[in-house]
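**Q** Before I ask anything, let me first share the structure, which is written out below as structure tokens.
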Amino acid sequence: IASALFCPHPKLRIAALHFLLGAHDAPHDGEDSEEEELQEARGAVSKLREQLGGKDGSHESRPGRCVNKKKRKLQRAMRSTKSRGKAEAAASFAALHLLHDPFTLAEKLFAELRRSSERFEVRLLMINLLSRLVGAHRLQLPNFFPYLQRYLQPHQRDITMLLAYLVQACHELLTAEMLSPLLLHLANHFVTDKSRPEMVAIGLNTTREVCARVPLAMDATLLADLIEYRKDRDKAVVAAARSLLQLFRDRMPALL
């Protein structure tokens with residue numbers, strides 16, 4: 001199936017990308033119907049709760065036998081929806097973890113991405129799969145981060161998804177040299193006085209998530225500049241800066 005990523009037929013390549021990314025990423029009719037069934041099951045749970053008179057399904061004024069019967073039905077419905085959700089979450093990464101040689105696949109896919117002329121949505125899928133491969137299998141793919149950095153601009157389409165892919169690719173085996181330029185890039189393009197408050201908050205939160213995985217990527221000078229935003233007037237920016245400060249208080253207080 002992984003070899004289909006390099007097939008000359010675009011539809012087959014996209015299908016392989018969706019498969020390896022997991023069922024929740026593929027917009028197929030069958031999956032839509034399964035999602036509708038899950039929503040109906042959740043709706044049935046909510047309806048039963050209302051009939052029983054509360055969130056926990058308790059209501060003392062109803063006859064005991066009727067209440068007990070509906071409680072049992074509510075519990076069965078809740079177990080069914082929870083088991084469905086767990087099964088979907090487990091299946092989404094199953095194929096990704098069963099790959100025979102993830103490093104070779106990641107190298108070939110990255111080479112394909114660099115010379116790709118596909119539309120942006122397909123390249124976004126390829127970046128997503130690469131970041132999951134790097135993060136899930138703890139791969140060292142140094143050229144991937146400079147490539148991703150080109151897309152990290154506040155005006156970039158789907159910028160929040162790209163930042164999520166960046167965080168997704170980070171793991172504890174990466175060196176600080178790989179990620180330090182990215183943190184500086186985020187500071188220069190997102191966390192500036194000229195940026196909108198929401199972009200500043202996004203930049204700070206992304207920096208915090210990267211540093212939570214690779215704290216050595218941060219240096220003391222940059223950290224001192226970033227935590228100054230805890231005095232900003234915007235609440236989201238203040239919360240993000242305080243969260244970054246708290247992370248380094250816990251993980252590397254020597255940098256403060």
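Chain labels A, B, ... are given in the sequence in which chains occur in the structure tokens; within each chain residues are numbered consecutively from 1, and ligands are likewise numbered from 1 in the order shown.
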Give me the residues within 8 Å of Leu17 (chain A) as a list in words, counting only C-alpha atoms and dropping any in the same chain fewer than 2 places off.

**A** Leu5, Arg13, Ile14, Ala15, Phe19, Leu20, Leu21, Leu125, Met126 and Leu129 of chain A

**Q** Output C-alpha atoms for every residue in the selection just made, as a short mmCIF file (atom, residue, chain, number, x, y, z; two decimals), in the first residue's frame.

**A**
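Heads up, here's the output in result04.cif:
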data_model
loop_
_atom_site.label_atom_id
_atom_site.label_comp_id
_atom_site.auth_asym_id
_atom_site.auth_seq_id
_atom_site.Cartn_x
_atom_site.Cartn_y
_atom_site.Cartn_z
CA LEU A 5 2.27 6.81 -2.74
CA ARG A 13 -1.73 8.39 -4.63
CA ILE A 14 -4.32 10.46 -2.78
CA ALA A 15 -6.18 7.31 -1.66
CA PHE A 19 -5.30 5.44 4.12
CA LEU A 20 -1.97 5.96 5.88
CA LEU A 21 -3.21 9.11 7.58
CA LEU A 125 -1.52 15.74 2.86
CA MET A 126 2.06 14.76 2.02
CA LEU A 129 2.02 12.17 6.48
#

**Q** Give me, as a count of residues only, all polymer residues having an atom no more than 10 Å from Leu163 (chain A), counting only C-alpha atoms and skipping those fewer than 2 positions away in the same chain.

**A** 20

**Q** Could you jot down the CA of Thr221 (chain A) to CA of Arg150 (chain A) separation for me, Å, one decimal place?

**A**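 Those two atoms sit 23.9 Å apart.
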
**Q** Could you check which of A:Glu112, A:Asp219, A:Glu107, A:Glu228 is closest to Gln140 (chain A), using only C-alpha atoms?

**A**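 Under the stated criterion, the closest residue is A:Glu107.
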
**Q** Let's see if you can do this: from backbone DSSP, list all alpha helix (DSSP H) residues in region 140-242 of chain A, as an MDAnalysis selection string.

**A** chainID A and resid 144:149 159:169 176:189 197:213 220:227 235:242

**Q** Report, in Å to a single decimal, how far apart CA of Leu226 (chain A) and CA of Leu204 (chain A) are.

**A**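 So the two atoms, CA of Leu204 (chain A) and CA of Leu226 (chain A), lie 7.5 Å apart.
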
**Q** Expressed in Å to a single decimal, how great is the separation between CA of Glu177 (chain A) and CA of Ala220 (chain A)?

**A** 14.9 Å

**Q** Do a neighbour search on region 229-240 of chain A at 12 Å with only C-alpha atoms, toss out local chain neighbours closer than 4 positions, and write the hits as a PyMOL selection string.

**A** chain A and resi 187+190-193+195-209+222-225+244-247

**Q** Please, could you write that set of residues out with C-alpha atoms as a PDB file, in the first residue's frame?

**A**
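Produced file out06.pdb, reproduced below:
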ATOM      1  CA  ALA A 187       9.534  34.744  16.749  1.00  0.00           C
ATOM      2  CA  PHE A 190       4.536  35.672  14.388  1.00  0.00           C
ATOM      3  CA  VAL A 191       5.614  37.036  17.778  1.00  0.00           C
ATOM      4  CA  THR A 192       6.216  40.660  16.849  1.00  0.00           C
ATOM      5  CA  ASP A 193       4.614  43.981  17.744  1.00  0.00           C
ATOM      6  CA  SER A 195       1.486  41.016  14.220  1.00  0.00           C
ATOM      7  CA  ARG A 196      -2.156  40.657  15.137  1.00  0.00           C
ATOM      8  CA  PRO A 197      -2.747  39.426  18.731  1.00  0.00           C
ATOM      9  CA  GLU A 198      -4.150  36.097  17.545  1.00  0.00           C
ATOM     10  CA  MET A 199      -1.012  35.458  15.459  1.00  0.00           C
ATOM     11  CA  VAL A 200       1.211  36.332  18.432  1.00  0.00           C
ATOM     12  CA  ALA A 201      -0.724  33.874  20.615  1.00  0.00           C
ATOM     13  CA  ILE A 202      -0.485  31.159  17.947  1.00  0.00           C
ATOM     14  CA  GLY A 203       3.265  31.744  17.607  1.00  0.00           C
ATOM     15  CA  LEU A 204       3.814  31.556  21.376  1.00  0.00           C
ATOM     16  CA  ASN A 205       1.673  28.445  21.741  1.00  0.00           C
ATOM     17  CA  THR A 206       3.480  26.694  18.881  1.00  0.00           C
ATOM     18  CA  THR A 207       6.830  27.629  20.421  1.00  0.00           C
ATOM     19  CA  ARG A 208       5.691  26.183  23.749  1.00  0.00           C
ATOM     20  CA  GLU A 209       4.598  22.898  22.151  1.00  0.00           C
ATOM     21  CA  LEU A 222      15.019  34.411  22.705  1.00  0.00           C
ATOM     22  CA  LEU A 223      13.155  33.097  25.738  1.00  0.00           C
ATOM     23  CA  ALA A 224      13.633  36.388  27.583  1.00  0.00           C
ATOM     24  CA  ASP A 225      12.104  38.266  24.632  1.00  0.00           C
ATOM     25  CA  LEU A 244       5.689  29.275  28.006  1.00  0.00           C
ATOM     26  CA  LEU A 245       7.239  30.733  31.147  1.00  0.00           C
ATOM     27  CA  GLN A 246       5.723  27.995  33.308  1.00  0.00           C
ATOM     28  CA  LEU A 247       7.048  25.317  30.957  1.00  0.00           C
TER      29      LEU A 247
END

**Q** Using only C-alpha atoms, which of A:Ala2, A:Leu174, A:Leu183, A:Val214 sits nearest Thr104 (chain A)?

**A**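 Smallest distance to Thr104 (chain A) is found for A:Ala2.
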
**Q** Go through A:Ser131, A:Gly22, A:Leu109, A:Arg114 one by one, measure the shortest atom-to-atom distance of each to Ala94 (chain A) using only C-alpha atoms, and give the residue with the smallest value.

**A**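 Nearest candidate to Ala94 (chain A) out of A:Ser131, A:Gly22, A:Leu109, A:Arg114: A:Gly22.
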